[in-house]
Amino acid sequence: MLATGGLLLTGCEQVEQVIDARRDLTPHEAYAASLETAGLAGSALGRDWMRAADRALHEPLIVGLPYREEGFLSADAPSAVGLRLALQRGQVLTVRTSFYAQDPARVFVDLFRVPAQSGDPLRPLARVDSLPDGMVYEPYRDGEYVLRLQPELLRGGRYQLMLSLDPSLSFPVDGADPSAIGSTFGQPRDGGARAHHGVDIFAQRGTPVLAATDGIAYRVGETPRGGRVVWLRDERRGQRLYYAHLDSQRVSNGQRVRLGDTLGYVGNSGNARTTSPHLHFGVYARDEHARGPQDPFPYIVRPRGALPGLPSAPERLGHWARVSTESATLRAGPRSRAQALASLPRHTPVRLAAGSGSWWRVRLPDGLMGWLPSSATENAESAVREEVLAALNPVPIRAEPAPEAPVVQPLPPGSRVAVWGEFSGYLWVRAGDGRPGWLASQQ
């Protein structure tokens, strides 16, 4: 069975790749093509814009949902936001964005699915290119997804991004909530001979059972196992909803119902005669991506978790800061248990790209992105010490902490420089005309 499922999944991936090869360009792709046509794609800024878009897709940072951040994208240093998130079939992802810039700008927001097979291309699914329009997407498959946000070339500013998850169906028992679920999907039944293909929602006998979506009632009747049952055809999603153990039904075959209409009443008919009254609720998929029983939980229960707050000092976004503790762990996500990316010593310079709750998303001088607790950073508003150049010849101050980086200015031996931070064998200094630069620490 597992091998068959893998073959089906691989087949779906191949079919979707063929479809993608024939689809229309996304707004982001069309804009990139226009840069090519205008001869801008080969410019330094154009190449940086393309690289930023690609890096956001292939090196995204992991976030949990719900999620919110406020960030800054520089107009003169093209960048993009890439976030990786997990979605389940049955959920609804809502993306809300806003962008604050001096000049009007197109902002491309694209959602991709990460393929099951490593090396296969990411699949574009949904996109918008005008804000504050939102994006709403219902995944048809459990998996990992990447959201990318990028403004057009030479446009930048502050933005806010909020991601929320909701169940795609309404809760099917009147006045009840997820705490009433007493038996979950997949639990063994009949001594392990079969699995439970639904969830049991316990309530008082006679409690109204509700249509979880618009649909058409069918197979309204009685069976030995389910007792008095109602099936509801969810035509928009190509799936079937199953209501069992009802005390009585209130709809008839072929009747069209609306979200929230009463289909029947909670009972314990069928093989539930020895249990407390409850509704057995099942979801059955019938499309090219999934067939058969699905776990109803993500369809009717909103994921736990509070929406994080926005940074308390948004004016720091886009500016340099530095590590204020003896060491700080750069992490892949804004939480203490996220994957550790690097250990940063005190006075490491970082640029504040975004904030979420009590975390900053930062960019290191070499371009690496990650998350630091805001308590582990400080404003880089003053020098930490002074140094005197001991070299016998003029010393180059470079634009970046790398030996091949352009020289900002040469300094004569004996010059006094203010040190603002350190990174990867280089001192972050200001000297001469006050411009910042990088000096090899051995000099």
# chains A, B, ... in the order shown; residues from 1 in each chain; ligands from 1
call {"tool": "residues_around", "arguments": {"residues": "Gln239 (chain A)", "least_positions_apart": "3", "cutoff": "8 Å", "atoms": "only C-alpha atoms", "output": "ChimeraX atom specification"}}
result
/A:233-235,283-287
call {"tool": "write_last_selection", "arguments": {"atoms": "N, CA, C and O atoms", "output": "PDB file, in the first residue's frame"}}
result
ATOM      1  N   ARG A 233     -22.615  16.049  -0.111  1.00  0.00           N
ATOM      2  CA  ARG A 233     -21.699  16.200  -1.238  1.00  0.00           C
ATOM      3  C   ARG A 233     -21.180  17.637  -1.279  1.00  0.00           C
ATOM      4  O   ARG A 233     -21.943  18.575  -1.510  1.00  0.00           O
ATOM      5  N   ASP A 234     -19.882  17.797  -1.022  1.00  0.00           N
ATOM      6  CA  ASP A 234     -19.216  19.100  -1.074  1.00  0.00           C
ATOM      7  C   ASP A 234     -18.678  19.269  -2.495  1.00  0.00           C
ATOM      8  O   ASP A 234     -17.555  18.868  -2.816  1.00  0.00           O
ATOM      9  N   GLU A 235     -19.484  19.861  -3.362  1.00  0.00           N
ATOM     10  CA  GLU A 235     -19.134  19.918  -4.781  1.00  0.00           C
ATOM     11  C   GLU A 235     -17.948  20.842  -5.048  1.00  0.00           C
ATOM     12  O   GLU A 235     -17.159  20.587  -5.961  1.00  0.00           O
ATOM     13  N   VAL A 283     -14.659  12.633   6.546  1.00  0.00           N
ATOM     14  CA  VAL A 283     -14.384  13.358   5.299  1.00  0.00           C
ATOM     15  C   VAL A 283     -13.759  12.371   4.326  1.00  0.00           C
ATOM     16  O   VAL A 283     -12.771  11.698   4.657  1.00  0.00           O
ATOM     17  N   TYR A 284     -14.325  12.280   3.119  1.00  0.00           N
ATOM     18  CA  TYR A 284     -13.845  11.350   2.099  1.00  0.00           C
ATOM     19  C   TYR A 284     -13.486  12.134   0.838  1.00  0.00           C
ATOM     20  O   TYR A 284     -14.326  12.835   0.268  1.00  0.00           O
ATOM     21  N   ALA A 285     -12.216  12.022   0.427  1.00  0.00           N
ATOM     22  CA  ALA A 285     -11.740  12.744  -0.756  1.00  0.00           C
ATOM     23  C   ALA A 285     -12.029  11.936  -2.010  1.00  0.00           C
ATOM     24  O   ALA A 285     -11.974  10.696  -2.002  1.00  0.00           O
ATOM     25  N   ARG A 286     -12.298  12.660  -3.092  1.00  0.00           N
ATOM     26  CA  ARG A 286     -12.526  12.030  -4.387  1.00  0.00           C
ATOM     27  C   ARG A 286     -11.999  12.958  -5.478  1.00  0.00           C
ATOM     28  O   ARG A 286     -12.753  13.574  -6.221  1.00  0.00           O
ATOM     29  N   ASP A 287     -10.676  13.095  -5.549  1.00  0.00           N
ATOM     30  CA  ASP A 287     -10.083  13.904  -6.601  1.00  0.00           C
ATOM     31  C   ASP A 287      -8.771  13.278  -7.029  1.00  0.00           C
ATOM     32  O   ASP A 287      -8.395  12.208  -6.547  1.00  0.00           O
TER      33      ASP A 287
END
call {"tool": "residues_around", "arguments": {"residues": "region 404-415 of chain A", "least_positions_apart": "4", "cutoff": "9 Å", "atoms": "only C-alpha atoms", "output": "ChimeraX atom specification"}}
result
/A:387-400,431-432,435-438
call {"tool": "write_last_selection", "arguments": {"atoms": "C-alpha atoms", "output": "PDB file, in the first residue's frame"}}
result
ATOM      1  CA  GLU A 387      42.841  50.438  17.494  1.00  0.00           C
ATOM      2  CA  VAL A 388      46.065  51.816  15.988  1.00  0.00           C
ATOM      3  CA  LEU A 389      47.268  50.388  12.670  1.00  0.00           C
ATOM      4  CA  ALA A 390      50.640  48.737  13.219  1.00  0.00           C
ATOM      5  CA  ALA A 391      51.381  47.928   9.559  1.00  0.00           C
ATOM      6  CA  LEU A 392      54.382  49.452   7.780  1.00  0.00           C
ATOM      7  CA  ASN A 393      52.435  50.153   4.581  1.00  0.00           C
ATOM      8  CA  PRO A 394      49.008  51.676   3.819  1.00  0.00           C
ATOM      9  CA  VAL A 395      46.178  49.417   4.918  1.00  0.00           C
ATOM     10  CA  PRO A 396      43.090  48.871   2.708  1.00  0.00           C
ATOM     11  CA  ILE A 397      39.653  49.388   4.235  1.00  0.00           C
ATOM     12  CA  ARG A 398      37.288  47.183   2.211  1.00  0.00           C
ATOM     13  CA  ALA A 399      33.575  47.398   1.437  1.00  0.00           C
ATOM     14  CA  GLU A 400      32.924  43.863   2.713  1.00  0.00           C
ATOM     15  CA  ALA A 431      38.161  56.033   9.958  1.00  0.00           C
ATOM     16  CA  GLY A 432      39.219  58.956   7.823  1.00  0.00           C
ATOM     17  CA  ARG A 435      32.649  55.861   6.198  1.00  0.00           C
ATOM     18  CA  PRO A 436      32.305  52.313   7.569  1.00  0.00           C
ATOM     19  CA  GLY A 437      34.469  49.554   6.186  1.00  0.00           C
ATOM     20  CA  TRP A 438      36.271  46.325   6.972  1.00  0.00           C
TER      21      TRP A 438
END
call {"tool": "select_by_dssp", "arguments": {"residues": "region 82-293 of chain A", "states": "helix (DSSP H, G or I)", "output": "NGL selection string"}}
result
:A and (178-180 or 190-192 or 270-272)
call {"tool": "write_last_selection", "arguments": {"atoms": "N, CA, C and O atoms", "output": "PDB file, in the first residue's frame"}}
result
ATOM      1  N   PRO A 178     -13.839  21.979  19.720  1.00  0.00           N
ATOM      2  CA  PRO A 178     -12.934  20.827  19.603  1.00  0.00           C
ATOM      3  C   PRO A 178     -12.748  20.016  20.884  1.00  0.00           C
ATOM      4  O   PRO A 178     -12.368  18.845  20.816  1.00  0.00           O
ATOM      5  N   SER A 179     -13.015  20.608  22.046  1.00  0.00           N
ATOM      6  CA  SER A 179     -12.866  19.841  23.289  1.00  0.00           C
ATOM      7  C   SER A 179     -13.879  18.703  23.380  1.00  0.00           C
ATOM      8  O   SER A 179     -13.723  17.782  24.188  1.00  0.00           O
ATOM      9  N   ALA A 180     -14.927  18.734  22.531  1.00  0.00           N
ATOM     10  CA  ALA A 180     -15.940  17.666  22.535  1.00  0.00           C
ATOM     11  C   ALA A 180     -15.513  16.456  21.730  1.00  0.00           C
ATOM     12  O   ALA A 180     -16.202  15.437  21.743  1.00  0.00           O
ATOM     13  N   ASP A 190     -12.972  -2.783  16.355  1.00  0.00           N
ATOM     14  CA  ASP A 190     -13.233  -4.215  16.208  1.00  0.00           C
ATOM     15  C   ASP A 190     -11.966  -5.029  16.410  1.00  0.00           C
ATOM     16  O   ASP A 190     -11.612  -5.905  15.610  1.00  0.00           O
ATOM     17  N   GLY A 191     -11.271  -4.725  17.526  1.00  0.00           N
ATOM     18  CA  GLY A 191     -10.074  -5.478  17.870  1.00  0.00           C
ATOM     19  C   GLY A 191      -8.929  -5.306  16.897  1.00  0.00           C
ATOM     20  O   GLY A 191      -8.068  -6.183  16.784  1.00  0.00           O
ATOM     21  N   GLY A 192      -8.910  -4.195  16.209  1.00  0.00           N
ATOM     22  CA  GLY A 192      -7.843  -3.926  15.252  1.00  0.00           C
ATOM     23  C   GLY A 192      -8.170  -4.346  13.837  1.00  0.00           C
ATOM     24  O   GLY A 192      -7.333  -4.184  12.933  1.00  0.00           O
ATOM     25  N   GLY A 270     -27.254   2.828  15.377  1.00  0.00           N
ATOM     26  CA  GLY A 270     -26.302   1.919  14.748  1.00  0.00           C
ATOM     27  C   GLY A 270     -25.484   1.176  15.781  1.00  0.00           C
ATOM     28  O   GLY A 270     -25.981   0.782  16.849  1.00  0.00           O
ATOM     29  N   ASN A 271     -24.204   0.975  15.499  1.00  0.00           N
ATOM     30  CA  ASN A 271     -23.357   0.211  16.430  1.00  0.00           C
ATOM     31  C   ASN A 271     -22.860   1.065  17.595  1.00  0.00           C
ATOM     32  O   ASN A 271     -21.966   0.639  18.338  1.00  0.00           O
ATOM     33  N   ALA A 272     -23.416   2.266  17.772  1.00  0.00           N
ATOM     34  CA  ALA A 272     -23.047   3.127  18.897  1.00  0.00           C
ATOM     35  C   ALA A 272     -24.080   3.063  20.019  1.00  0.00           C
ATOM     36  O   ALA A 272     -24.066   3.915  20.912  1.00  0.00           O
TER      37      ALA A 272
END
call {"tool": "closest_atom_pairs", "arguments": {"of": "region 237-336 of chain A", "to": "region 199-217 of chain A", "cutoff": "7 Å", "atoms": "only C-alpha atoms", "output": "CSV"}}
result
residue,atom,partner,partner_atom,distance
A:Asp247,CA,A:Gly206,CA,6.8
A:Ser252,CA,A:Ala217,CA,6.7
A:Asn253,CA,A:Ala217,CA,5.5
A:Gly254,CA,A:Ala217,CA,5.4
A:Gln255,CA,A:Ala217,CA,5.4
A:Arg256,CA,A:Ile216,CA,4.4
A:Val257,CA,A:Gly215,CA,5.5
A:Arg258,CA,A:Asp214,CA,4.3
A:Leu259,CA,A:Thr213,CA,4.4
A:Gly260,CA,A:Ala211,CA,5.0
A:Asp261,CA,A:Ala211,CA,5.3
A:Thr262,CA,A:Leu210,CA,4.6
A:Leu263,CA,A:Leu210,CA,5.6
A:Gly264,CA,A:Val209,CA,5.2
A:Tyr265,CA,A:Pro208,CA,4.6
A:Val266,CA,A:Gly206,CA,5.1
A:Gly267,CA,A:Arg205,CA,5.2
A:Pro277,CA,A:Arg205,CA,5.6
A:His278,CA,A:Phe202,CA,4.1
A:Leu279,CA,A:Ile201,CA,5.1
A:His280,CA,A:Asp200,CA,4.6
A:Phe281,CA,A:Val199,CA,5.5
A:Gly282,CA,A:Val199,CA,6.7
A:Pro296,CA,A:Val199,CA,6.7
call {"tool": "write_last_selection", "arguments": {"atoms": "C-alpha atoms", "output": "mmCIF file, in the first residue's frame"}}
result
data_model
loop_
_atom_site.group_PDB
_atom_site.id
_atom_site.type_symbol
_atom_site.label_atom_id
_atom_site.label_comp_id
_atom_site.auth_asym_id
_atom_site.auth_seq_id
_atom_site.Cartn_x
_atom_site.Cartn_y
_atom_site.Cartn_z
ATOM 1 C CA ASP A 247 -30.971 10.299 16.569
ATOM 2 C CA SER A 252 -34.008 14.281 2.415
ATOM 3 C CA ASN A 253 -32.101 12.878 -0.540
ATOM 4 C CA GLY A 254 -31.190 15.501 -3.121
ATOM 5 C CA GLN A 255 -31.903 18.425 -0.843
ATOM 6 C CA ARG A 256 -29.537 21.356 -1.286
ATOM 7 C CA VAL A 257 -28.356 22.793 2.035
ATOM 8 C CA ARG A 258 -26.400 25.835 3.090
ATOM 9 C CA LEU A 259 -23.584 26.165 5.588
ATOM 10 C CA GLY A 260 -25.053 25.891 9.111
ATOM 11 C CA ASP A 261 -28.339 24.234 8.116
ATOM 12 C CA THR A 262 -29.518 21.465 10.463
ATOM 13 C CA LEU A 263 -29.084 17.991 8.936
ATOM 14 C CA GLY A 264 -30.238 15.995 11.952
ATOM 15 C CA TYR A 265 -29.684 15.519 15.672
ATOM 16 C CA VAL A 266 -27.012 13.864 17.810
ATOM 17 C CA GLY A 267 -27.812 10.323 18.917
ATOM 18 C CA PRO A 277 -24.631 10.164 22.192
ATOM 19 C CA HIS A 278 -22.184 11.551 19.681
ATOM 20 C CA LEU A 279 -21.723 12.437 16.031
ATOM 21 C CA HIS A 280 -19.338 10.396 13.939
ATOM 22 C CA PHE A 281 -18.025 12.856 11.333
ATOM 23 C CA GLY A 282 -15.972 11.721 8.348
ATOM 24 C CA PRO A 296 -11.243 15.454 9.663
#
call {"tool": "residues_around", "arguments": {"residues": "Pro151 (chain A)", "least_positions_apart": "3", "cutoff": "9 Å", "atoms": "only C-alpha atoms", "output": "list in words"}}
result
Leu73, Ala75, Pro78, Ser79, Ala80, Ala105, Arg106, Val107, Phe108, Val109, Asp129, Leu154, Arg155 and Gly156 of chain A
call {"tool": "write_last_selection", "arguments": {"atoms": "C-alpha atoms", "output": "CSV table (one decimal), in the first residue's frame"}}
result
chain,number,residue,atom,x,y,z
A,73,LEU,CA,13.5,45.7,2.2
A,75,ALA,CA,15.7,49.6,-2.6
A,78,PRO,CA,17.7,44.0,-3.7
A,79,SER,CA,16.4,41.3,-1.4
A,80,ALA,CA,13.4,39.1,-0.9
A,105,ALA,CA,5.6,49.7,-6.1
A,106,ARG,CA,4.5,46.3,-7.3
A,107,VAL,CA,5.1,43.7,-4.7
A,108,PHE,CA,5.1,40.1,-5.8
A,109,VAL,CA,3.8,37.5,-3.3
A,129,ASP,CA,1.2,41.4,-7.3
A,154,LEU,CA,14.7,49.8,-7.2
A,155,ARG,CA,11.7,49.8,-4.8
A,156,GLY,CA,11.9,49.2,-1.1
call {"tool": "closest_atom_pairs", "arguments": {"of": "region 299-357 of chain A", "to": "region 362-384 of chain A", "cutoff": "8 Å", "atoms": "only C-alpha atoms", "output": "CSV"}}
result
residue,atom,partner,partner_atom,distance
A:Trp320,CA,A:Ala380,CA,6.2
A:Ala321,CA,A:Asn379,CA,4.7
A:Arg322,CA,A:Thr377,CA,5.5
A:Val323,CA,A:Thr377,CA,4.5
A:Ser324,CA,A:Thr377,CA,4.9
A:Thr325,CA,A:Ala376,CA,5.6
A:Ala328,CA,A:Ala376,CA,6.6
A:Thr329,CA,A:Leu372,CA,6.8
A:Leu330,CA,A:Trp371,CA,5.4
A:Arg331,CA,A:Trp371,CA,5.0
A:Ala332,CA,A:Gly370,CA,5.3
A:Gly333,CA,A:Trp371,CA,5.9
A:Pro334,CA,A:Trp371,CA,5.7
A:Leu341,CA,A:Gly370,CA,7.3
A:Pro349,CA,A:Leu364,CA,6.8
A:Val350,CA,A:Leu364,CA,5.0
A:Arg351,CA,A:Arg363,CA,5.1
A:Leu352,CA,A:Val362,CA,4.7
A:Ala353,CA,A:Val362,CA,5.3
A:Ala354,CA,A:Val362,CA,7.0
call {"tool": "residues_around", "arguments": {"residues": "region 81-93 of chain A", "least_positions_apart": "3", "cutoff": "9 Å", "atoms": "only C-alpha atoms", "output": "number ranges by chain"}}
result
A: 52-53, 55-65, 73, 135-150, 163-169, 294-302
call {"tool": "write_last_selection", "arguments": {"atoms": "N, CA and C atoms", "output": "short mmCIF file (atom, residue, chain, number, x, y, z; two decimals), in the first residue's frame"}}
result
data_model
loop_
_atom_site.label_atom_id
_atom_site.label_comp_id
_atom_site.auth_asym_id
_atom_site.auth_seq_id
_atom_site.Cartn_x
_atom_site.Cartn_y
_atom_site.Cartn_z
N ALA A 52 18.46 37.29 -5.32
CA ALA A 52 17.64 37.39 -4.10
C ALA A 52 16.37 36.58 -4.22
N ALA A 53 15.73 36.62 -5.39
CA ALA A 53 14.52 35.83 -5.61
C ALA A 53 14.80 34.35 -5.49
N ARG A 55 17.36 32.88 -3.93
CA ARG A 55 17.79 32.52 -2.58
C ARG A 55 16.60 32.42 -1.63
N ALA A 56 15.63 33.31 -1.79
CA ALA A 56 14.44 33.26 -0.93
C ALA A 56 13.70 31.94 -1.11
N LEU A 57 13.69 31.40 -2.32
CA LEU A 57 13.01 30.13 -2.58
C LEU A 57 13.78 28.93 -2.04
N HIS A 58 15.08 28.94 -2.22
CA HIS A 58 15.87 27.74 -1.92
C HIS A 58 16.56 27.78 -0.56
N GLU A 59 16.53 28.93 0.11
CA GLU A 59 17.07 29.03 1.46
C GLU A 59 16.06 29.76 2.36
N PRO A 60 14.80 29.32 2.37
CA PRO A 60 13.79 30.01 3.19
C PRO A 60 14.01 29.72 4.67
N LEU A 61 13.50 30.60 5.49
CA LEU A 61 13.53 30.40 6.94
C LEU A 61 12.20 29.79 7.38
N ILE A 62 12.26 28.87 8.35
CA ILE A 62 11.09 28.11 8.78
C ILE A 62 10.30 28.91 9.81
N VAL A 63 8.99 28.99 9.63
CA VAL A 63 8.12 29.65 10.60
C VAL A 63 6.93 28.74 10.90
N GLY A 64 6.40 28.86 12.09
CA GLY A 64 5.17 28.17 12.46
C GLY A 64 3.99 29.12 12.31
N LEU A 65 2.83 28.56 12.12
CA LEU A 65 1.63 29.37 11.93
C LEU A 65 0.72 29.29 13.16
N LEU A 73 12.79 46.13 3.37
CA LEU A 73 13.48 45.71 2.16
C LEU A 73 14.12 46.94 1.53
N MET A 135 -4.13 36.88 -0.10
CA MET A 135 -4.07 35.60 -0.79
C MET A 135 -4.73 34.56 0.10
N VAL A 136 -5.64 33.78 -0.47
CA VAL A 136 -6.29 32.70 0.26
C VAL A 136 -6.05 31.42 -0.53
N TYR A 137 -5.56 30.39 0.16
CA TYR A 137 -5.21 29.14 -0.54
C TYR A 137 -5.59 27.94 0.33
N GLU A 138 -6.26 26.97 -0.29
CA GLU A 138 -6.57 25.69 0.35
C GLU A 138 -5.67 24.61 -0.22
N PRO A 139 -4.73 24.08 0.55
CA PRO A 139 -3.85 23.04 0.02
C PRO A 139 -4.61 21.75 -0.24
N TYR A 140 -4.32 21.12 -1.33
CA TYR A 140 -4.93 19.83 -1.64
C TYR A 140 -4.05 18.66 -1.21
N ARG A 141 -2.90 18.99 -0.61
CA ARG A 141 -1.96 17.95 -0.20
C ARG A 141 -1.19 18.41 1.02
N ASP A 142 -0.99 17.51 1.99
CA ASP A 142 -0.11 17.81 3.12
C ASP A 142 1.30 18.01 2.60
N GLY A 143 2.04 18.94 3.20
CA GLY A 143 3.41 19.10 2.77
C GLY A 143 4.02 20.41 3.22
N GLU A 144 5.19 20.68 2.66
CA GLU A 144 5.93 21.90 2.95
C GLU A 144 5.74 22.89 1.81
N TYR A 145 5.61 24.16 2.17
CA TYR A 145 5.36 25.21 1.20
C TYR A 145 6.30 26.38 1.46
N VAL A 146 6.56 27.16 0.42
CA VAL A 146 7.43 28.34 0.56
C VAL A 146 6.67 29.55 0.06
N LEU A 147 6.67 30.60 0.89
CA LEU A 147 6.07 31.88 0.52
C LEU A 147 7.20 32.88 0.27
N ARG A 148 7.13 33.54 -0.89
CA ARG A 148 8.15 34.55 -1.22
C ARG A 148 7.49 35.91 -1.42
N LEU A 149 8.12 36.94 -0.86
CA LEU A 149 7.67 38.33 -1.03
C LEU A 149 8.85 39.13 -1.55
N GLN A 150 8.64 39.85 -2.67
CA GLN A 150 9.72 40.64 -3.26
C GLN A 150 9.15 41.83 -4.03
N LEU A 163 0.31 35.64 8.37
CA LEU A 163 -0.14 34.35 7.87
C LEU A 163 -1.03 33.70 8.91
N SER A 164 -2.21 33.28 8.52
CA SER A 164 -3.11 32.62 9.46
C SER A 164 -3.67 31.35 8.83
N LEU A 165 -4.05 30.40 9.69
CA LEU A 165 -4.64 29.14 9.26
C LEU A 165 -6.03 29.00 9.86
N ASP A 166 -6.95 28.55 9.05
CA ASP A 166 -8.31 28.29 9.51
C ASP A 166 -8.76 26.94 8.97
N PRO A 167 -9.69 26.29 9.64
CA PRO A 167 -10.27 25.06 9.06
C PRO A 167 -11.13 25.42 7.86
N SER A 168 -11.15 24.54 6.86
CA SER A 168 -11.93 24.82 5.66
C SER A 168 -13.42 24.53 5.86
N LEU A 169 -13.77 23.78 6.91
CA LEU A 169 -15.16 23.45 7.19
C LEU A 169 -15.57 24.03 8.54
N GLN A 294 -10.14 10.85 4.98
CA GLN A 294 -9.14 11.81 5.41
C GLN A 294 -9.35 12.12 6.89
N ASP A 295 -8.30 12.53 7.56
CA ASP A 295 -8.43 12.93 8.96
C ASP A 295 -9.23 14.24 9.01
N PRO A 296 -10.42 14.23 9.64
CA PRO A 296 -11.24 15.45 9.66
C PRO A 296 -10.70 16.56 10.56
N PHE A 297 -9.74 16.23 11.41
CA PHE A 297 -9.30 17.20 12.42
C PHE A 297 -8.88 18.54 11.81
N PRO A 298 -7.95 18.57 10.83
CA PRO A 298 -7.56 19.89 10.30
C PRO A 298 -8.69 20.57 9.53
N TYR A 299 -9.73 19.83 9.13
CA TYR A 299 -10.86 20.42 8.41
C TYR A 299 -11.77 21.23 9.32
N ILE A 300 -11.79 20.89 10.62
CA ILE A 300 -12.78 21.52 11.51
C ILE A 300 -12.17 22.17 12.76
N VAL A 301 -10.84 22.05 12.94
CA VAL A 301 -10.21 22.59 14.15
C VAL A 301 -9.11 23.58 13.75
N ARG A 302 -9.19 24.77 14.29
CA ARG A 302 -8.16 25.77 14.03
C ARG A 302 -6.89 25.39 14.80
#
call {"tool": "residues_around", "arguments": {"residues": "Gly221 (chain A)", "least_positions_apart": "4", "cutoff": "8 Å", "atoms": "only C-alpha atoms", "output": "MDAnalysis selection string"}}
result
chainID A and resid 228:230
call {"tool": "closest_residue", "arguments": {"among": "A:Arg346, A:Leu439, A:Gly186, A:Gly134", "to": "Ser327 (chain A)", "atoms": "only C-alpha atoms"}}
result
A:Arg346
call {"tool": "residues_around", "arguments": {"residues": "Met162 (chain A)", "least_positions_apart": "6", "cutoff": "8 Å", "atoms": "only C-alpha atoms", "output": "PyMOL selection string"}}
result
chain A and resi 66-69+95-97
call {"tool": "atom_distance", "arguments": {"atom1": "CA of Gly226 (chain A)", "atom2": "CA of Arg189 (chain A)"}}
result
13.6 Å
call {"tool": "atom_distance", "arguments": {"atom1": "CA of Arg385 (chain A)", "atom2": "CA of Leu344 (chain A)"}}
result
18.9 Å
call {"tool": "atom_distance", "arguments": {"atom1": "CA of Tyr218 (chain A)", "atom2": "CA of Trp231 (chain A)"}}
result
5.3 Å
call {"tool": "select_by_dssp", "arguments": {"residues": "region 305-369 of chain A", "states": "strand (DSSP E or B)", "output": "ChimeraX atom specification"}}
result
/A:320-323,327-331,340-345,349-356,359-363,369
